[in-house]
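*Asks:* Input file: entry_34.pdb. Contents: PDB, C-alpha atoms.
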ATOM      1  CA  ILE A   3     -50.144 -20.084  91.753  1.00  0.00           C
ATOM      2  CA  ARG A   4     -49.638 -20.583  88.033  1.00  0.00           C
ATOM      3  CA  ASP A   5     -46.565 -22.776  87.617  1.00  0.00           C
ATOM      4  CA  GLU A   6     -44.437 -21.494  84.760  1.00  0.00           C
ATOM      5  CA  PHE A   7     -41.410 -23.665  85.481  1.00  0.00           C
ATOM      6  CA  SER A   8     -42.551 -27.299  85.233  1.00  0.00           C
ATOM      7  CA  ALA A   9     -42.506 -27.666  81.458  1.00  0.00           C
ATOM      8  CA  GLY A  10     -39.519 -30.022  81.706  1.00  0.00           C
ATOM      9  CA  SER A  11     -41.574 -32.635  83.525  1.00  0.00           C
ATOM     10  CA  PRO A  12     -42.365 -35.804  81.540  1.00  0.00           C
ATOM     11  CA  HIS A  13     -45.883 -35.469  82.976  1.00  0.00           C
ATOM     12  CA  PHE A  14     -46.381 -31.801  82.080  1.00  0.00           C
ATOM     13  CA  THR A  15     -49.102 -33.026  79.720  1.00  0.00           C
ATOM     14  CA  TRP A  16     -50.597 -36.509  79.560  1.00  0.00           C
ATOM     15  CA  SER A  17     -53.439 -38.355  77.884  1.00  0.00           C
ATOM     16  CA  LEU A  18     -55.452 -41.478  78.627  1.00  0.00           C
ATOM     17  CA  ASP A  19     -57.865 -43.498  76.531  1.00  0.00           C
ATOM     18  CA  LEU A  20     -59.994 -45.659  78.837  1.00  0.00           C
ATOM     19  CA  ARG A  21     -62.549 -48.135  77.532  1.00  0.00           C
ATOM     20  CA  LEU A  22     -66.043 -47.345  78.766  1.00  0.00           C
ATOM     21  CA  SER A  23     -66.524 -51.003  79.651  1.00  0.00           C
ATOM     22  CA  ASP A  24     -63.433 -50.866  81.898  1.00  0.00           C
ATOM     23  CA  LEU A  25     -64.594 -47.619  83.493  1.00  0.00           C
ATOM     24  CA  GLY A  26     -68.000 -49.111  84.237  1.00  0.00           C
ATOM     25  CA  GLU A  27     -66.414 -52.161  85.838  1.00  0.00           C
ATOM     26  CA  ILE A  28     -64.097 -50.041  87.991  1.00  0.00           C
ATOM     27  CA  LEU A  29     -67.040 -47.983  89.220  1.00  0.00           C
ATOM     28  CA  ARG A  30     -69.074 -51.124  89.905  1.00  0.00           C
ATOM     29  CA  ARG A  31     -66.261 -52.552  92.062  1.00  0.00           C
ATOM     30  CA  HIS A  32     -66.335 -49.352  94.097  1.00  0.00           C
ATOM     31  CA  GLY A  33     -70.095 -49.466  94.663  1.00  0.00           C
ATOM     32  CA  HIS A  34     -71.289 -47.317  91.760  1.00  0.00           C
ATOM     33  CA  ASP A  35     -73.147 -49.585  89.334  1.00  0.00           C
ATOM     34  CA  VAL A  36     -74.233 -47.241  86.541  1.00  0.00           C
ATOM     35  CA  GLY A  37     -74.388 -49.994  83.938  1.00  0.00           C
ATOM     36  CA  SER A  38     -72.798 -49.297  80.572  1.00  0.00           C
ATOM     37  CA  VAL A  39     -71.172 -45.865  80.697  1.00  0.00           C
ATOM     38  CA  THR A  40     -72.619 -43.399  78.184  1.00  0.00           C
ATOM     39  CA  ALA A  41     -71.146 -40.061  79.296  1.00  0.00           C
ATOM     40  CA  VAL A  42     -68.593 -38.530  81.655  1.00  0.00           C
ATOM     41  CA  GLU A  43     -68.753 -34.851  82.540  1.00  0.00           C
ATOM     42  CA  ILE A  44     -66.952 -32.526  84.924  1.00  0.00           C
ATOM     43  CA  THR A  45     -69.700 -30.691  86.779  1.00  0.00           C
ATOM     44  CA  GLU A  46     -67.564 -28.486  89.023  1.00  0.00           C
ATOM     45  CA  ARG A  47     -63.975 -27.253  89.016  1.00  0.00           C
ATOM     46  CA  THR A  48     -61.779 -25.781  91.731  1.00  0.00           C
ATOM     47  CA  PRO A  49     -60.373 -22.227  91.399  1.00  0.00           C
ATOM     48  CA  SER A  50     -57.211 -23.850  89.966  1.00  0.00           C
ATOM     49  CA  LEU A  51     -59.395 -25.597  87.340  1.00  0.00           C
ATOM     50  CA  ARG A  52     -59.017 -29.096  88.753  1.00  0.00           C
ATOM     51  CA  ALA A  53     -61.983 -31.448  88.552  1.00  0.00           C
ATOM     52  CA  ALA A  54     -63.808 -31.064  91.876  1.00  0.00           C
ATOM     53  CA  TRP A  55     -66.870 -33.135  90.937  1.00  0.00           C
ATOM     54  CA  LEU A  56     -67.680 -35.468  88.052  1.00  0.00           C
ATOM     55  CA  ALA A  57     -70.854 -37.163  86.895  1.00  0.00           C
ATOM     56  CA  VAL A  58     -70.678 -40.536  85.190  1.00  0.00           C
ATOM     57  CA  HIS A  59     -73.874 -41.481  83.371  1.00  0.00           C
ATOM     58  CA  GLY A  60     -74.827 -44.998  82.362  1.00  0.00           C
ATOM     59  CA  THR A  61     -77.699 -47.194  81.293  1.00  0.00           C
ATOM     60  CA  ARG A  62     -78.657 -47.897  84.917  1.00  0.00           C
ATOM     61  CA  GLY A  63     -78.232 -44.443  86.363  1.00  0.00           C
ATOM     62  CA  SER A  64     -75.599 -41.849  87.236  1.00  0.00           C
ATOM     63  CA  ALA A  65     -72.880 -41.461  89.853  1.00  0.00           C
ATOM     64  CA  ARG A  66     -71.662 -38.140  91.240  1.00  0.00           C
ATOM     65  CA  LEU A  67     -68.054 -38.418  92.363  1.00  0.00           C
ATOM     66  CA  ARG A  68     -65.423 -36.147  93.841  1.00  0.00           C
ATOM     67  CA  GLY A  69     -62.520 -35.618  91.495  1.00  0.00           C
ATOM     68  CA  ASN A  70     -60.005 -36.991  94.004  1.00  0.00           C
ATOM     69  CA  ASP A  71     -62.157 -40.090  94.598  1.00  0.00           C
ATOM     70  CA  PHE A  72     -62.500 -40.659  90.865  1.00  0.00           C
ATOM     71  CA  ARG A  73     -58.719 -40.466  90.487  1.00  0.00           C
ATOM     72  CA  ARG A  74     -58.193 -42.851  93.414  1.00  0.00           C
ATOM     73  CA  MET A  75     -60.610 -45.412  91.951  1.00  0.00           C
ATOM     74  CA  LEU A  76     -58.902 -45.420  88.566  1.00  0.00           C
ATOM     75  CA  GLY A  77     -55.405 -45.307  90.073  1.00  0.00           C
ATOM     76  CA  TYR A  78     -53.061 -42.433  90.798  1.00  0.00           C
ATOM     77  CA  GLU A  79     -50.647 -43.567  88.095  1.00  0.00           C
ATOM     78  CA  THR A  80     -53.470 -43.923  85.561  1.00  0.00           C
ATOM     79  CA  VAL A  81     -55.113 -40.540  86.128  1.00  0.00           C
ATOM     80  CA  LYS A  82     -52.023 -38.523  87.023  1.00  0.00           C
ATOM     81  CA  SER A  83     -53.881 -35.489  88.352  1.00  0.00           C
ATOM     82  CA  THR A  84     -57.353 -33.978  88.544  1.00  0.00           C
ATOM     83  CA  LEU A  85     -56.334 -31.211  86.142  1.00  0.00           C
ATOM     84  CA  PHE A  86     -57.916 -32.768  83.062  1.00  0.00           C
ATOM     85  CA  ALA A  87     -60.654 -32.605  80.466  1.00  0.00           C
ATOM     86  CA  VAL A  88     -62.625 -35.674  79.412  1.00  0.00           C
ATOM     87  CA  ALA A  89     -64.932 -36.591  76.551  1.00  0.00           C
ATOM     88  CA  VAL A  90     -66.617 -39.807  75.441  1.00  0.00           C
ATOM     89  CA  ASP A  91     -65.681 -40.914  71.939  1.00  0.00           C
ATOM     90  CA  ARG A  92     -67.357 -44.125  70.785  1.00  0.00           C
ATOM     91  CA  GLU A  93     -66.069 -46.854  73.110  1.00  0.00           C
ATOM     92  CA  PHE A  94     -63.585 -44.709  75.005  1.00  0.00           C
ATOM     93  CA  ALA A  95     -63.402 -41.979  77.606  1.00  0.00           C
ATOM     94  CA  ARG A  96     -60.541 -39.792  76.398  1.00  0.00           C
ATOM     95  CA  PHE A  97     -58.683 -37.745  79.009  1.00  0.00           C
ATOM     96  CA  ALA A  98     -56.240 -34.911  78.367  1.00  0.00           C
ATOM     97  CA  GLY A  99     -54.484 -33.615  81.485  1.00  0.00           C
ATOM     98  CA  ARG A 100     -51.537 -31.770  82.954  1.00  0.00           C
ATOM     99  CA  GLY A 101     -49.247 -32.471  85.892  1.00  0.00           C
ATOM    100  CA  TYR A 102     -48.727 -35.414  88.222  1.00  0.00           C
ATOM    101  CA  GLY A 103     -49.906 -35.121  91.809  1.00  0.00           C
ATOM    102  CA  HIS A 104     -52.395 -33.417  94.092  1.00  0.00           C
ATOM    103  CA  GLY A 105     -51.575 -29.860  92.990  1.00  0.00           C
ATOM    104  CA  VAL A 106     -50.704 -28.521  96.462  1.00  0.00           C
ATOM    105  CA  GLY A 107     -47.316 -27.187  97.514  1.00  0.00           C
ATOM    106  CA  MET A 108     -44.078 -27.139  95.576  1.00  0.00           C
ATOM    107  CA  SER A 109     -43.628 -28.801  92.216  1.00  0.00           C
ATOM    108  CA  GLN A 110     -40.415 -30.821  92.251  1.00  0.00           C
ATOM    109  CA  TRP A 111     -39.978 -30.332  88.512  1.00  0.00           C
ATOM    110  CA  GLY A 112     -40.812 -26.650  88.869  1.00  0.00           C
ATOM    111  CA  ALA A 113     -38.201 -26.223  91.602  1.00  0.00           C
ATOM    112  CA  LYS A 114     -35.690 -28.024  89.393  1.00  0.00           C
ATOM    113  CA  GLY A 115     -36.541 -25.737  86.476  1.00  0.00           C
ATOM    114  CA  MET A 116     -36.157 -22.617  88.607  1.00  0.00           C
ATOM    115  CA  ALA A 117     -32.801 -23.799  90.020  1.00  0.00           C
ATOM    116  CA  GLU A 118     -31.531 -24.450  86.505  1.00  0.00           C
ATOM    117  CA  ARG A 119     -32.438 -20.867  85.589  1.00  0.00           C
ATOM    118  CA  GLY A 120     -30.408 -19.536  88.497  1.00  0.00           C
ATOM    119  CA  TYR A 121     -33.067 -18.909  91.148  1.00  0.00           C
ATOM    120  CA  THR A 122     -31.922 -19.316  94.748  1.00  0.00           C
ATOM    121  CA  ALA A 123     -33.500 -21.731  97.209  1.00  0.00           C
ATOM    122  CA  LEU A 124     -35.260 -18.881  99.026  1.00  0.00           C
ATOM    123  CA  GLN A 125     -36.594 -17.495  95.741  1.00  0.00           C
ATOM    124  CA  ILE A 126     -37.958 -20.926  94.853  1.00  0.00           C
ATOM    125  CA  LEU A 127     -39.734 -21.237  98.193  1.00  0.00           C
ATOM    126  CA  ALA A 128     -41.041 -17.681  97.926  1.00  0.00           C
ATOM    127  CA  TYR A 129     -42.589 -18.571  94.558  1.00  0.00           C
ATOM    128  CA  TYR A 130     -44.364 -21.711  95.766  1.00  0.00           C
ATOM    129  CA  TYR A 131     -45.142 -20.570  99.336  1.00  0.00           C
ATOM    130  CA  PRO A 132     -45.829 -16.811  99.153  1.00  0.00           C
ATOM    131  CA  GLY A 133     -46.035 -15.088 102.540  1.00  0.00           C
ATOM    132  CA  THR A 134     -44.205 -17.787 104.542  1.00  0.00           C
ATOM    133  CA  THR A 135     -41.542 -17.051 107.165  1.00  0.00           C
ATOM    134  CA  LEU A 136     -38.606 -19.472 107.313  1.00  0.00           C
ATOM    135  CA  ARG A 137     -37.186 -20.156 110.781  1.00  0.00           C
ATOM    136  CA  SER A 138     -35.010 -22.720 112.504  1.00  0.00           C
ATOM    137  CA  PRO A 139     -37.310 -25.653 113.347  1.00  0.00           C
ATOM    138  CA  ASN A 140     -36.228 -25.866 116.966  1.00  0.00           C
ATOM    139  CA  PRO A 141     -33.289 -24.169 118.727  1.00  0.00           C
ATOM    140  CA  ARG A 142     -32.107 -27.410 120.319  1.00  0.00           C
ATOM    141  CA  CYS A 143     -32.344 -29.293 117.016  1.00  0.00           C
ATOM    142  CA  ALA A 144     -30.649 -26.462 115.158  1.00  0.00           C
ATOM    143  CA  ARG A 145     -27.707 -26.498 117.581  1.00  0.00           C
ATOM    144  CA  ALA A 146     -27.440 -30.272 117.413  1.00  0.00           C
ATOM    145  CA  SER A 147     -27.558 -30.359 113.617  1.00  0.00           C
ATOM    146  CA  GLY A 148     -25.402 -27.311 112.992  1.00  0.00           C
ATOM    147  CA  PHE A 149     -28.103 -25.696 110.825  1.00  0.00           C
ATOM    148  CA  HIS A 150     -29.416 -22.219 111.521  1.00  0.00           C
ATOM    149  CA  PHE A 151     -32.033 -20.242 109.629  1.00  0.00           C
ATOM    150  CA  PRO A 152     -32.615 -16.609 110.581  1.00  0.00           C
ATOM    151  CA  PRO A 153     -36.256 -15.564 110.044  1.00  0.00           C
ATOM    152  CA  LYS A 154     -36.924 -14.773 106.382  1.00  0.00           C
ATOM    153  CA  PRO A 155     -40.366 -13.961 104.925  1.00  0.00           C
ATOM    154  CA  ILE A 156     -41.165 -16.421 102.128  1.00  0.00           C
ATOM    155  CA  GLY A 157     -44.762 -17.859 102.239  1.00  0.00           C
ATOM    156  CA  PRO A 158     -47.672 -19.329 104.390  1.00  0.00           C
ATOM    157  CA  PHE A 159     -46.576 -22.969 104.693  1.00  0.00           C
ATOM    158  CA  VAL A 160     -43.193 -23.843 106.134  1.00  0.00           C
ATOM    159  CA  SER A 161     -43.717 -26.509 108.775  1.00  0.00           C
ATOM    160  CA  GLU A 162     -42.168 -29.186 106.560  1.00  0.00           C
ATOM    161  CA  VAL A 163     -39.921 -27.149 104.260  1.00  0.00           C
ATOM    162  CA  LEU A 164     -36.268 -26.433 104.880  1.00  0.00           C
ATOM    163  CA  VAL A 165     -33.613 -24.893 102.701  1.00  0.00           C
ATOM    164  CA  LEU A 166     -30.175 -26.342 103.279  1.00  0.00           C
ATOM    165  CA  GLY A 167     -26.897 -24.964 102.084  1.00  0.00           C
ATOM    166  CA  ALA A 168     -25.663 -28.499 101.575  1.00  0.00           C
ATOM    167  CA  TYR A 169     -26.963 -31.799 100.272  1.00  0.00           C
ATOM    168  CA  VAL A 170     -28.432 -34.134 102.856  1.00  0.00           C
ATOM    169  CA  GLY A 171     -28.275 -37.903 102.699  1.00  0.00           C
ATOM    170  CA  ARG A 172     -29.289 -40.340 105.454  1.00  0.00           C
ATOM    171  CA  GLY A 173     -29.028 -37.639 108.102  1.00  0.00           C
ATOM    172  CA  LYS A 174     -25.489 -36.619 107.142  1.00  0.00           C
ATOM    173  CA  ARG A 175     -24.473 -33.271 105.783  1.00  0.00           C
ATOM    174  CA  ARG A 176     -22.291 -33.174 102.709  1.00  0.00           C
ATOM    175  CA  THR A 177     -21.290 -30.468 100.299  1.00  0.00           C
ATOM    176  CA  PRO A 178     -22.737 -30.314  96.768  1.00  0.00           C
ATOM    177  CA  PRO A 179     -20.674 -31.714  93.901  1.00  0.00           C
ATOM    178  CA  ALA A 180     -18.573 -29.169  92.030  1.00  0.00           C
ATOM    179  CA  GLY A 181     -20.714 -26.900  89.906  1.00  0.00           C
ATOM    180  CA  ARG A 182     -23.995 -27.956  91.550  1.00  0.00           C
ATOM    181  CA  ARG A 183     -26.256 -25.585  93.430  1.00  0.00           C
ATOM    182  CA  PRO A 184     -27.656 -26.397  96.887  1.00  0.00           C
ATOM    183  CA  SER A 185     -30.983 -28.219  96.679  1.00  0.00           C
ATOM    184  CA  VAL A 186     -34.390 -27.778  98.277  1.00  0.00           C
ATOM    185  CA  TYR A 187     -35.411 -30.561 100.641  1.00  0.00           C
ATOM    186  CA  THR A 188     -38.540 -31.542 102.554  1.00  0.00           C
ATOM    187  CA  ALA A 189     -38.085 -32.640 106.173  1.00  0.00           C
ATOM    188  CA  ARG A 190     -40.940 -34.837 107.375  1.00  0.00           C
ATOM    189  CA  SER A 191     -41.392 -33.791 110.987  1.00  0.00           C
ATOM    190  CA  TRP A 192     -38.765 -31.280 111.938  1.00  0.00           C
ATOM    191  CA  THR A 193     -41.501 -28.955 113.133  1.00  0.00           C
ATOM    192  CA  SER A 194     -45.276 -28.912 113.237  1.00  0.00           C
ATOM    193  CA  ARG A 195     -47.908 -26.664 114.754  1.00  0.00           C
ATOM    194  CA  ARG A 196     -50.030 -29.716 115.579  1.00  0.00           C
ATOM    195  CA  SER A 197     -47.464 -32.113 117.001  1.00  0.00           C
ATOM    196  CA  THR A 198     -44.375 -32.216 119.171  1.00  0.00           C
ATOM    197  CA  THR A 199     -41.260 -31.159 117.313  1.00  0.00           C
ATOM    198  CA  ARG A 200     -38.817 -33.976 116.666  1.00  0.00           C
ATOM    199  CA  CYS A 201     -35.197 -33.524 115.818  1.00  0.00           C
ATOM    200  CA  PRO A 202     -33.949 -35.084 112.571  1.00  0.00           C
ATOM    201  CA  PRO A 203     -31.861 -38.243 112.833  1.00  0.00           C
ATOM    202  CA  SER A 204     -28.174 -37.656 113.422  1.00  0.00           C
TER
END
Starting from the file, lay out its structure as structure tokens.
*Replies:*
Amino acid sequence: IRDEFSAGSPHFTWSLDLRLSDLGEILRRHGHDVGSVTAVEITERTPSLRAAWLAVHGTRGSARLRGNDFRRMLGYETVKSTLFAVAVDREFARFAGRGYGHGVGMSQWGAKGMAERGYTALQILAYYYPGTTLRSPNPRCARASGFHFPPKPIGPFVSEVLVLGAYVGRGKRRTPPAGRRPSVYTARSWTSRRSTTRCPPS
């Protein structure tokens, strides 16, 4: 989806100026000795325009790298996402990017922006997970926790997403502060198609 609600994030746009000498050294440490870096190009993008493959050219050869591997090598806090453009300018590789993260699922800043505009929790989930059906994770767990979610169509991924009508902290249920809307929370293993369902801690 195209996220129209994350503009309030401090990482909505970001930039990075990386010395070519530092880039070459990082690549060398990870087994890609291209010598002195002369060019960096994005050779393939995903449908969401993220860098799927990059080529780094140097005086000793070239390295073809997956975008996610390139980000991991440089550091997730250095290259905040694979949604970027890059160009070599003299001694630097200059990056201009957007967002912070892997680009899959719900944007925390986007959900915050939608809530501040008055969208409900179900509307937020419907936006980020179109086509999903929200259900109680497990009847026994639902009875034990006091939570119940009648089936509601909202999107294709729901195994780790729950909408609670109250704030949750350390397994305890508490009501939102005055004037605050209920929040959207992620539950790690309340339910999964690939593993045995576990109840949340009480």
*Asks:* I need the output of the PyMOL selection byres ((chain A and resi 112) around 9) for this file as a VMD selection string; which residues are they?
*Replies:* chain A and resid 5 to 11 108 to 111 113 to 117 126
*Asks:* Residues near segment 70-83 of chain A, anyone? I mean within 8 Å using only C-alpha atoms, not counting same-chain ones fewer than 5 positions away, as a PDB file with C-alpha atoms, keeping the file's coordinate frame.
*Replies:*
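The file below, result.pdb, is the result:
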ATOM      1  CA  HIS A  13     -45.883 -35.469  82.976  1.00  0.00           C
ATOM      2  CA  TRP A  16     -50.597 -36.509  79.560  1.00  0.00           C
ATOM      3  CA  LEU A  18     -55.452 -41.478  78.627  1.00  0.00           C
ATOM      4  CA  LEU A  25     -64.594 -47.619  83.493  1.00  0.00           C
ATOM      5  CA  ILE A  28     -64.097 -50.041  87.991  1.00  0.00           C
ATOM      6  CA  LEU A  29     -67.040 -47.983  89.220  1.00  0.00           C
ATOM      7  CA  HIS A  32     -66.335 -49.352  94.097  1.00  0.00           C
ATOM      8  CA  ALA A  54     -63.808 -31.064  91.876  1.00  0.00           C
ATOM      9  CA  LEU A  56     -67.680 -35.468  88.052  1.00  0.00           C
ATOM     10  CA  GLY A  99     -54.484 -33.615  81.485  1.00  0.00           C
ATOM     11  CA  ARG A 100     -51.537 -31.770  82.954  1.00  0.00           C
ATOM     12  CA  GLY A 101     -49.247 -32.471  85.892  1.00  0.00           C
ATOM     13  CA  TYR A 102     -48.727 -35.414  88.222  1.00  0.00           C
ATOM     14  CA  GLY A 103     -49.906 -35.121  91.809  1.00  0.00           C
ATOM     15  CA  HIS A 104     -52.395 -33.417  94.092  1.00  0.00           C
ATOM     16  CA  GLY A 105     -51.575 -29.860  92.990  1.00  0.00           C
TER      17      GLY A 105
END
*Asks:* At what distance in Å, to one decimal, does atom CA of Ala53 of chain A lie from atom CA of Arg4 of chain A?
*Replies:*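 It comes out at 16.5 Å.
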*Asks:* If you measure from atom CA of Gly60 of chain A to atom CA of Phe97 of chain A, what distance in Å do you get, rounded to one decimal?
*Replies:*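 Taking atom CA of Gly60 of chain A and atom CA of Phe97 of chain A, their separation equals 18.0 Å.
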*Asks:* Can you list what the PyMOL selection byres ((chain A and resi 34) around 10) grabs from this structure, as a ChimeraX atom specification?
*Replies:* /A:26-33,35-37,58,63-67
*Asks:* What is the distance between atom CA of Arg21 of chain A and atom CA of Glu93 of chain A, in Å to one decimal?
*Replies:*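 Interatomic distance here is 5.8 Å.
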*Asks:* Determine the nearest neighbour of Ala98 of chain A from the options A:Glu46, A:Pro12, A:Ser17, A:His59, counting all atoms listed in the file.
*Replies:*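 Of A:Glu46, A:Pro12, A:Ser17, A:His59, the one nearest Ala98 of chain A, counting all atoms listed in the file, is A:Ser17.
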*Asks:* List as a list in words the protein and nucleic acid residues near Val106 of chain A, meaning an atom at most 12 Å away when all atoms listed in the file are counted, but skip any in the same chain fewer than 6 places from it.
*Replies:*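 Neighbouring residues, sequence-local ones excluded: Ile3, Arg4, Asp5, Ser50, Arg52, Ser83, Thr84, Tyr130, Tyr131 and Phe159 of chain A.
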*Asks:* Starting from 5 Å padding per side, set up an axis-aligned box that covers all listed atoms of segment 102-121 of chain A and hand over centre and edge lengths in Å, one decimal, as AutoDock Vina command-line options.
*Replies:*
--center_x -41.4 --center_y -27.2 --center_z 91.6 --size_x 32.0 --size_y 26.5 --size_z 21.9
*Asks:* Got a sec to resolve the PyMOL selection byres ((chain A and resi 90) around 9) on this structure and send the residues as a list of chain:residue names?
*Replies:*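 So the PyMOL selection byres ((chain A and resi 90) around 9), applied here, picks out A:Leu22, A:Thr40, A:Ala41, A:Val42, A:Glu43, A:Val88, A:Ala89, A:Asp91, A:Arg92, A:Glu93, A:Phe94, A:Ala95, A:Arg96, A:Phe97.
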